[in-house]
Every structure is written in structure tokens, then in C-alpha cells.
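**Q** This is upload14.tsv (TSV, C-alpha atoms and all ligand atoms).
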```
chain	number	residue	atom	x	y	z
A	22	MET	CA	-5.42	27.08	-82.95
A	23	GLY	CA	-9.09	27.90	-82.87
A	24	ASN	CA	-9.70	31.51	-81.91
A	25	ILE	CA	-12.83	32.76	-83.61
A	26	ARG	CA	-13.96	36.34	-83.64
A	27	LEU	CA	-17.18	37.86	-84.95
A	28	LYS	CA	-17.15	41.58	-85.61
A	29	ASN	CA	-20.54	43.22	-86.04
A	30	VAL	CA	-21.86	40.25	-88.03
A	31	SER	CA	-25.35	40.78	-89.39
A	32	LYS	CA	-27.67	38.73	-91.56
A	33	SER	CA	-30.78	39.57	-93.50
A	34	PHE	CA	-32.81	37.31	-95.75
A	35	ALA	CA	-34.36	39.66	-98.33
A	36	ALA	CA	-36.05	42.39	-96.26
A	37	THR	CA	-36.01	40.40	-93.01
A	38	THR	CA	-33.17	41.02	-90.57
A	39	VAL	CA	-32.47	37.85	-88.66
A	40	ILE	CA	-29.23	38.96	-86.95
A	41	PRO	CA	-28.94	42.73	-86.41
A	42	GLY	CA	-25.25	42.67	-85.42
A	43	ILE	CA	-23.19	40.36	-83.25
A	44	ASP	CA	-19.75	40.77	-81.67
A	45	LEU	CA	-18.30	37.68	-80.08
A	46	GLU	CA	-14.93	36.25	-79.17
A	47	ILE	CA	-14.33	32.52	-78.84
A	48	LYS	CA	-11.00	31.46	-77.42
A	49	ASP	CA	-8.92	28.51	-78.56
A	50	GLY	CA	-10.06	25.34	-76.80
A	51	GLU	CA	-13.32	26.71	-75.45
A	52	PHE	CA	-16.55	24.73	-75.50
A	53	VAL	CA	-19.07	27.40	-76.44
A	54	VAL	CA	-22.80	26.74	-76.58
A	55	PHE	CA	-25.21	28.92	-78.57
A	56	VAL	CA	-28.57	28.50	-76.90
A	57	GLY	CA	-31.92	30.11	-77.51
A	58	PRO	CA	-35.45	29.38	-78.67
A	59	SER	CA	-36.26	27.98	-82.08
A	60	GLY	CA	-35.89	30.58	-84.82
A	61	CYS	CA	-33.58	32.91	-82.86
A	62	GLY	CA	-30.76	32.58	-85.40
A	63	LYS	CA	-28.47	29.91	-83.90
A	64	SER	CA	-28.10	27.86	-87.07
A	65	THR	CA	-27.72	30.94	-89.22
A	66	LEU	CA	-24.90	32.22	-87.02
A	67	LEU	CA	-23.15	28.83	-87.06
A	68	ARG	CA	-23.51	28.58	-90.83
A	69	ILE	CA	-22.02	32.06	-91.22
A	70	ILE	CA	-19.01	30.99	-89.14
A	71	ALA	CA	-18.70	27.82	-91.23
A	72	GLY	CA	-18.97	29.83	-94.45
A	73	LEU	CA	-22.09	27.99	-95.57
A	74	GLU	CA	-23.98	31.27	-95.43
A	75	ASP	CA	-22.66	34.75	-96.25
A	76	ALA	CA	-22.96	37.47	-93.63
A	77	THR	CA	-24.81	40.55	-94.86
A	78	SER	CA	-22.21	42.71	-93.14
A	79	GLY	CA	-19.41	42.35	-90.63
A	80	HIS	CA	-16.30	40.20	-90.41
A	81	ILE	CA	-15.30	36.75	-89.23
A	82	GLU	CA	-11.72	36.13	-88.09
A	83	ILE	CA	-10.08	32.81	-87.33
A	84	ASP	CA	-6.77	33.07	-85.49
A	85	GLY	CA	-6.49	36.68	-86.60
A	86	ARG	CA	-7.13	35.88	-90.26
A	87	ASP	CA	-10.11	37.53	-91.93
A	88	VAL	CA	-12.07	34.62	-93.44
A	89	THR	CA	-15.24	36.57	-94.25
A	90	ASN	CA	-14.84	35.88	-97.96
A	91	GLU	CA	-13.09	32.54	-97.66
A	92	ALA	CA	-14.71	29.33	-98.90
A	93	PRO	CA	-15.89	26.88	-96.18
A	94	ALA	CA	-13.22	24.27	-96.98
A	95	LYS	CA	-10.41	26.79	-96.49
A	96	ARG	CA	-11.49	27.86	-93.00
A	97	GLY	CA	-10.17	24.75	-91.25
A	98	LEU	CA	-13.44	24.16	-89.37
A	99	ALA	CA	-15.52	20.99	-89.33
A	100	MET	CA	-19.29	21.02	-89.17
A	101	VAL	CA	-20.76	17.93	-87.51
A	102	PHE	CA	-24.09	17.13	-89.06
A	103	GLN	CA	-26.75	14.92	-87.55
A	104	SER	CA	-26.07	11.22	-87.96
A	105	TYR	CA	-28.60	10.86	-90.76
A	106	ALA	CA	-26.16	12.70	-93.02
A	107	LEU	CA	-24.04	9.51	-93.24
A	108	TYR	CA	-23.80	7.59	-96.52
A	109	PRO	CA	-25.92	4.47	-95.95
A	110	HIS	CA	-24.21	2.38	-98.65
A	111	MET	CA	-20.69	3.03	-97.28
A	112	THR	CA	-19.00	1.25	-94.39
A	113	VAL	CA	-18.15	3.17	-91.23
A	114	ARG	CA	-14.52	3.15	-92.38
A	115	ASN	CA	-15.40	4.77	-95.71
A	116	ASN	CA	-17.81	7.23	-94.14
A	117	ILE	CA	-15.06	8.46	-91.82
A	118	ALA	CA	-12.46	8.42	-94.60
A	119	PHE	CA	-14.67	10.29	-97.04
A	120	PRO	CA	-13.37	13.85	-96.48
A	121	LEU	CA	-9.77	12.60	-96.69
A	122	LYS	CA	-10.42	10.75	-99.95
A	123	MET	CA	-12.05	13.90	-101.31
A	124	ALA	CA	-8.84	15.73	-100.40
A	125	LYS	CA	-6.89	13.02	-102.27
A	126	MET	CA	-4.88	11.94	-99.25
A	127	GLU	CA	-2.84	8.79	-99.84
A	128	GLN	CA	-4.35	5.53	-98.60
A	129	ALA	CA	-1.80	4.72	-95.88
A	130	ALA	CA	-2.30	8.12	-94.27
A	131	VAL	CA	-6.08	7.76	-94.58
A	132	ASP	CA	-5.97	4.37	-92.84
A	133	LYS	CA	-3.88	5.79	-90.02
A	134	LYS	CA	-6.25	8.67	-89.40
A	135	VAL	CA	-9.36	6.50	-89.56
A	136	THR	CA	-7.82	4.02	-87.12
A	137	GLU	CA	-6.99	6.81	-84.67
A	138	ALA	CA	-10.45	8.42	-84.94
A	139	ALA	CA	-12.10	5.02	-84.42
A	140	ARG	CA	-9.99	4.47	-81.32
A	141	VAL	CA	-10.94	7.83	-79.81
A	142	LEU	CA	-14.62	7.21	-80.57
A	143	ASN	CA	-14.75	3.52	-79.58
A	144	LEU	CA	-15.70	2.50	-83.10
A	145	THR	CA	-12.81	0.13	-83.80
A	146	ASP	CA	-15.01	-2.97	-83.82
A	147	TYR	CA	-17.57	-1.37	-86.12
A	148	LEU	CA	-15.44	-0.13	-89.01
A	149	ASP	CA	-16.75	-2.68	-91.51
A	150	ARG	CA	-20.41	-2.17	-90.69
A	151	ARG	CA	-22.80	0.11	-92.51
A	152	PRO	CA	-24.73	2.89	-90.72
A	153	GLY	CA	-27.94	0.81	-90.82
A	154	GLN	CA	-26.24	-1.80	-88.62
A	155	LEU	CA	-25.37	0.69	-85.88
A	156	SER	CA	-27.20	2.20	-82.92
A	157	GLY	CA	-28.16	5.87	-82.99
A	158	GLY	CA	-25.28	6.76	-80.68
A	159	GLN	CA	-22.77	4.87	-82.81
A	160	ARG	CA	-24.04	6.60	-85.94
A	161	GLN	CA	-23.59	9.97	-84.25
A	162	ARG	CA	-20.02	8.99	-83.35
A	163	VAL	CA	-19.33	8.13	-86.99
A	164	ALA	CA	-20.56	11.60	-87.96
A	165	ILE	CA	-18.13	13.06	-85.41
A	166	GLY	CA	-15.35	10.79	-86.73
A	167	ARG	CA	-15.79	12.25	-90.18
A	168	ALA	CA	-15.04	15.65	-88.65
A	169	ILE	CA	-12.12	14.49	-86.45
A	170	VAL	CA	-10.02	13.10	-89.30
A	171	ARG	CA	-9.78	16.56	-90.82
A	172	GLU	CA	-8.08	17.82	-87.64
A	173	PRO	CA	-10.09	21.04	-87.67
A	174	SER	CA	-9.21	24.06	-85.56
A	175	ALA	CA	-12.83	24.01	-84.36
A	176	PHE	CA	-15.82	21.68	-84.44
A	177	LEU	CA	-19.24	23.16	-85.16
A	178	PHE	CA	-22.25	21.17	-83.98
A	179	ASP	CA	-25.83	22.07	-84.90
A	180	GLU	CA	-28.23	20.27	-82.55
A	181	PRO	CA	-26.42	16.98	-83.14
A	182	LEU	CA	-28.49	15.06	-80.60
A	183	SER	CA	-31.97	16.31	-81.40
A	184	ASN	CA	-33.03	13.15	-83.23
A	185	LEU	CA	-31.90	10.81	-80.44
A	186	ASP	CA	-34.06	9.62	-77.56
A	187	ALA	CA	-33.63	11.18	-74.11
A	188	ALA	CA	-31.45	8.42	-72.62
A	189	LEU	CA	-29.11	8.37	-75.58
A	190	ARG	CA	-28.92	12.17	-75.57
A	191	GLY	CA	-27.59	11.99	-72.02
A	192	THR	CA	-24.91	9.48	-73.00
A	193	MET	CA	-23.85	11.38	-76.10
A	194	ARG	CA	-23.68	14.61	-74.12
A	195	LEU	CA	-21.08	13.00	-71.87
A	196	GLU	CA	-19.24	11.51	-74.84
A	197	ILE	CA	-18.94	14.85	-76.61
A	198	SER	CA	-17.76	16.53	-73.39
A	199	GLU	CA	-15.21	13.73	-72.95
A	200	LEU	CA	-14.08	14.17	-76.55
A	201	HIS	CA	-13.53	17.86	-75.87
A	202	ASN	CA	-11.45	16.98	-72.81
A	203	GLN	CA	-9.32	14.66	-74.94
A	204	LEU	CA	-8.90	16.83	-78.03
A	205	LYS	CA	-9.00	20.25	-76.35
A	206	THR	CA	-10.16	21.69	-79.65
A	207	THR	CA	-12.57	24.64	-79.84
A	208	MET	CA	-16.17	23.46	-80.09
A	209	ILE	CA	-19.22	25.54	-80.91
A	210	TYR	CA	-22.37	23.69	-80.06
A	211	VAL	CA	-25.84	24.90	-81.03
A	212	THR	CA	-28.85	23.73	-79.06
A	213	HIS	CA	-32.26	24.89	-77.84
A	214	ASP	CA	-31.81	22.55	-74.86
A	215	GLN	CA	-30.93	24.38	-71.63
A	216	VAL	CA	-29.69	21.18	-69.99
A	217	GLU	CA	-27.18	20.58	-72.77
A	218	ALA	CA	-26.04	24.19	-72.50
A	219	MET	CA	-25.64	24.12	-68.72
A	220	THR	CA	-23.86	20.76	-68.57
A	221	MET	CA	-21.53	21.02	-71.57
A	222	ALA	CA	-20.47	24.64	-71.92
A	223	ASP	CA	-17.43	26.54	-70.74
A	224	LYS	CA	-19.20	29.58	-72.12
A	225	ILE	CA	-22.86	30.00	-73.00
A	226	VAL	CA	-24.10	32.54	-75.55
A	227	VAL	CA	-27.81	33.19	-75.00
A	228	LEU	CA	-29.50	34.33	-78.21
A	229	ASN	CA	-32.91	35.91	-78.57
A	230	ALA	CA	-34.26	37.17	-81.90
A	231	GLY	CA	-30.76	37.39	-83.36
A	232	ASN	CA	-29.30	39.34	-80.44
A	233	ILE	CA	-26.95	38.17	-77.72
A	234	GLU	CA	-28.71	38.55	-74.37
A	235	GLN	CA	-25.74	37.37	-72.33
A	236	VAL	CA	-22.41	35.59	-72.59
A	237	GLY	CA	-21.06	33.79	-69.55
A	238	SER	CA	-20.25	30.59	-67.78
A	239	PRO	CA	-23.16	28.36	-66.75
A	240	LEU	CA	-22.71	29.54	-63.16
A	241	ASP	CA	-22.68	33.22	-64.21
A	242	LEU	CA	-25.90	32.83	-66.12
A	243	TYR	CA	-27.56	30.86	-63.37
A	244	HIS	CA	-26.59	33.16	-60.53
A	245	LYS	CA	-26.31	36.50	-62.32
A	246	PRO	CA	-28.69	36.55	-65.28
A	247	ASN	CA	-28.64	39.91	-67.10
A	248	ASN	CA	-32.37	40.02	-67.53
A	249	LEU	CA	-35.64	38.16	-67.26
A	250	PHE	CA	-35.21	36.47	-70.61
A	251	VAL	CA	-31.97	34.81	-69.51
A	252	ALA	CA	-33.35	34.01	-66.07
A	253	GLY	CA	-36.47	32.45	-67.57
A	254	PHE	CA	-34.66	30.60	-70.29
A	255	ILE	CA	-31.87	29.15	-68.18
A	256	GLY	CA	-33.91	28.68	-65.04
A	257	SER	CA	-37.01	27.04	-66.43
A	258	PRO	CA	-37.05	23.25	-66.54
A	259	ARG	CA	-37.85	21.65	-69.91
B	1	LIG	P1	-32.55	28.55	-85.08
B	1	LIG	O1	-31.46	27.68	-85.60
B	1	LIG	O2	-32.20	29.32	-83.87
B	1	LIG	O3	-33.83	27.78	-84.88
B	1	LIG	P2	-32.37	29.78	-87.69
B	1	LIG	O4	-31.01	30.36	-87.73
B	1	LIG	O5	-32.59	28.50	-88.43
B	1	LIG	O6	-32.87	29.66	-86.19
B	1	LIG	O7	-33.39	30.84	-88.29
B	1	LIG	C1	-33.44	32.17	-87.83
B	1	LIG	C2	-34.49	32.91	-88.64
B	1	LIG	O8	-34.04	33.05	-89.99
B	1	LIG	C3	-35.84	32.21	-88.70
B	1	LIG	O9	-36.84	33.19	-88.64
B	1	LIG	C4	-35.81	31.53	-90.04
B	1	LIG	O10	-37.10	31.39	-90.55
B	1	LIG	C5	-34.99	32.50	-90.87
B	1	LIG	N1	-34.25	31.85	-91.96
B	1	LIG	C6	-33.28	30.93	-91.81
B	1	LIG	N2	-32.81	30.54	-93.02
B	1	LIG	C7	-33.49	31.25	-93.95
B	1	LIG	C8	-33.45	31.31	-95.38
B	1	LIG	N3	-32.58	30.56	-96.10
B	1	LIG	N4	-34.30	32.17	-95.99
B	1	LIG	C9	-35.16	32.92	-95.27
B	1	LIG	N5	-35.25	32.92	-93.94
B	1	LIG	C10	-34.43	32.10	-93.27
B	2	MG	MG	-31.39	25.64	-85.97
```
Can the structure in the file be given as C-alpha cells, please?

**A**
Amino acid sequence: MGNIRLKNVSKSFAATTVIPGIDLEIKDGEFVVFVGPSGCGKSTLLRIIAGLEDATSGHIEIDGRDVTNEAPAKRGLAMVFQSYALYPHMTVRNNIAFPLKMAKMEQAAVDKKVTEAARVLNLTDYLDRRPGQLSGGQRQRVAIGRAIVREPSAFLFDEPLSNLDAALRGTMRLEISELHNQLKTTMIYVTHDQVEAMTMADKIVVLNAGNIEQVGSPLDLYHKPNNLFVAGFIGSPR
């Protein structure tokens, strides 16, 4: 399951309030996109959900369990980092297996999971290569593979495609959407790219200066924007 609930979550860094207070419900299996301009608090909010950052106040619940004070590893979520977070000296197989080895899973079970993740991600023929011998898209798939093997209740993506070129971004967008269709696992996807938001999301959360301006489907936001900010942000071409 992957129901995630934020209850009046706020965040301040020293005297600066970055997120005044957010309430949000994410349902199991949803593909939710946090979108908004640079500096609006998208990464901070995602990191609070992941447990990589403490909220200043408020509560985070996963499947009804209060995880506000729980360590990241116990939350059952997987953060997908940009592909450059791969270990360059390790093979694809070992990069994907890494979190399982850290968890001291036995080798046969590790092999099984890596094989399955590679199948889903079309990486079967590349398992013995190193990241330097892969294309940008393949590297990004390895980064996703490292998350898949943990069988998380939700995947958290922070601008995973921002260091890829435009053509590859388009391909990876489709691949991640297809992955969601296959796995049907909750995904929270952070981007400042309106096109990614509109094409990938079941539900878009539009953020502005740490506040939610609107939550809705791409069609809702397009046809019934709450205000000029949403209309301008969603409507304006890049
Ligand atoms: P986004 O991901 O939407 O670009 P961030 O969540 O990274 O925005 O940042 C939101 C705001 O919080 C920005 O003003 C940023 O400078 C500030 N911020 C983020 N992390 C820290 C930190 N560790 N210390 C101080 N300020 C921070
Ligand atoms: Mg960010």
C-alpha cells in the first residue's frame, strides 16, 4: 500500500519559513506530480516525506501509520536520484543489487530481484556493464532499478530527467509512465517542467512559495485553474 498523508506540514530553515503549512492526501497507486517554479519548496517537501529532512511541525502518515519521527529506511519509500548518483566502479548488476546487499539479503534472492528489475527496465543485456558504458537513458533506468528491488510502497522522484537532453527526456517520460502502469505503485514526481506534469500525472500539486495553489487532474488545472498563477504556470509554453 502507498497512501501518504501530510497534515499541516511546515518547514523553516532558521528564521526563514519555506513551507508555511501543507495538507495533502496521496492515494495508493496515484502518480502525483509536484510542480512549481524553482525554489518553491518541491524538493524540501519530497525530502520531508522521505525522512531526509525533518518537518518543523505537522505529521506525515503512510498507510495510517505516523512516520513523522521514523528514520528514512523504515518508511518503505524509495527515492530515485538522478543517474549520476550511480557507483561508477560497480556493474549495473551491483548498482541495482546495492540496497539489497546493504540489507544483507541472501545472494540467490538478490539475483532473482535484480533479474526481475532488469527485465522490467529492459536492462537484461547490460547487467555486466558499468555506468560509463551506458547511455543517459540506460543510466537513469539503473537508478530506477535500484529503487524497484526494494519493492517500496511509493517511489519518490526529484527532477530525475533534468540532466538529460530534450529527446531523451521525452522517451524517459514515457518509460516512467509505462513503469507506473506496470507496477501500479504510488509515485511522487517533482518537476518544474509543466509538460512533464501535464503528461505524466494523475494528480498535479501546484506549489508556489511553499503553498499549494491547486490540486487536481491535468484537465482540471487546464480547464478550471483556481487563479492566475495556476493558469499562467500550466498554460504557458516553456
Ligand atoms: P525547489 O526544489 O522547488 O526548487 P527547494 O525545496 O530546494 O525548492 O527550496 C525551497 C527553499 O528552501 C529555497 O528558498 C531554498 O533556498 C531553501 N532551502 C532549501 N534547503 C535549504 C537548507 N538546507 N538550508 C536553508 N535553506 C534551504
Ligand atoms: Mg528541487

**Q** Considering all atoms listed in the file, can you say which of A:Asp179, A:Glu199, A:Glu217, A:Asp75 comes closest to ligand MG 2 (chain B)?

**A** A:Asp179

**Q** List as a compact mmCIF listing (two decimals) with C-alpha atoms, keeping the file's coordinate frame the protein and nucleic acid residues lying within 7 Å of ligand LIG 1 (chain B), with all atoms listed in the file counted.

**A**
```
# COMPACT_ATOMS: atom_id res chain seq x y z
CA PHE A 34 -32.81 37.31 -95.75
CA VAL A 39 -32.47 37.85 -88.66
CA GLY A 57 -31.92 30.11 -77.51
CA PRO A 58 -35.45 29.38 -78.67
CA SER A 59 -36.26 27.98 -82.08
CA GLY A 60 -35.89 30.58 -84.82
CA CYS A 61 -33.58 32.91 -82.86
CA GLY A 62 -30.76 32.58 -85.40
CA LYS A 63 -28.47 29.91 -83.90
CA SER A 64 -28.10 27.86 -87.07
CA THR A 65 -27.72 30.94 -89.22
CA LEU A 66 -24.90 32.22 -87.02
```

**Q** Name all residues at most 8 Å from region 134-146 of chain A (count all atoms listed in the file; drop same-chain ones fewer than 4 positions away) and give them as JSON, numbers by chain.

**A** {"A": [114, 117, 118, 130, 159, 162, 163, 166, 169, 170, 200]}

**Q** Which neighbours of Asn184 (chain A) fall inside 12 Å, counting all atoms listed in the file, when residues of the same chain fewer than 4 positions from it are skipped, and could you give them as a PyMOL selection string?

**A** chain A and resi 102-106+157-158+160-161+179-180+188-190+193

**Q** Using all atoms listed in the file for the distances, tell me which of A:Ala187, A:Ala124, A:Ala76, A:Ala230 is nearest to Asp214 (chain A).

**A**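 The shortest atom-to-atom distance to Asp214 (chain A) comes from A:Ala187.
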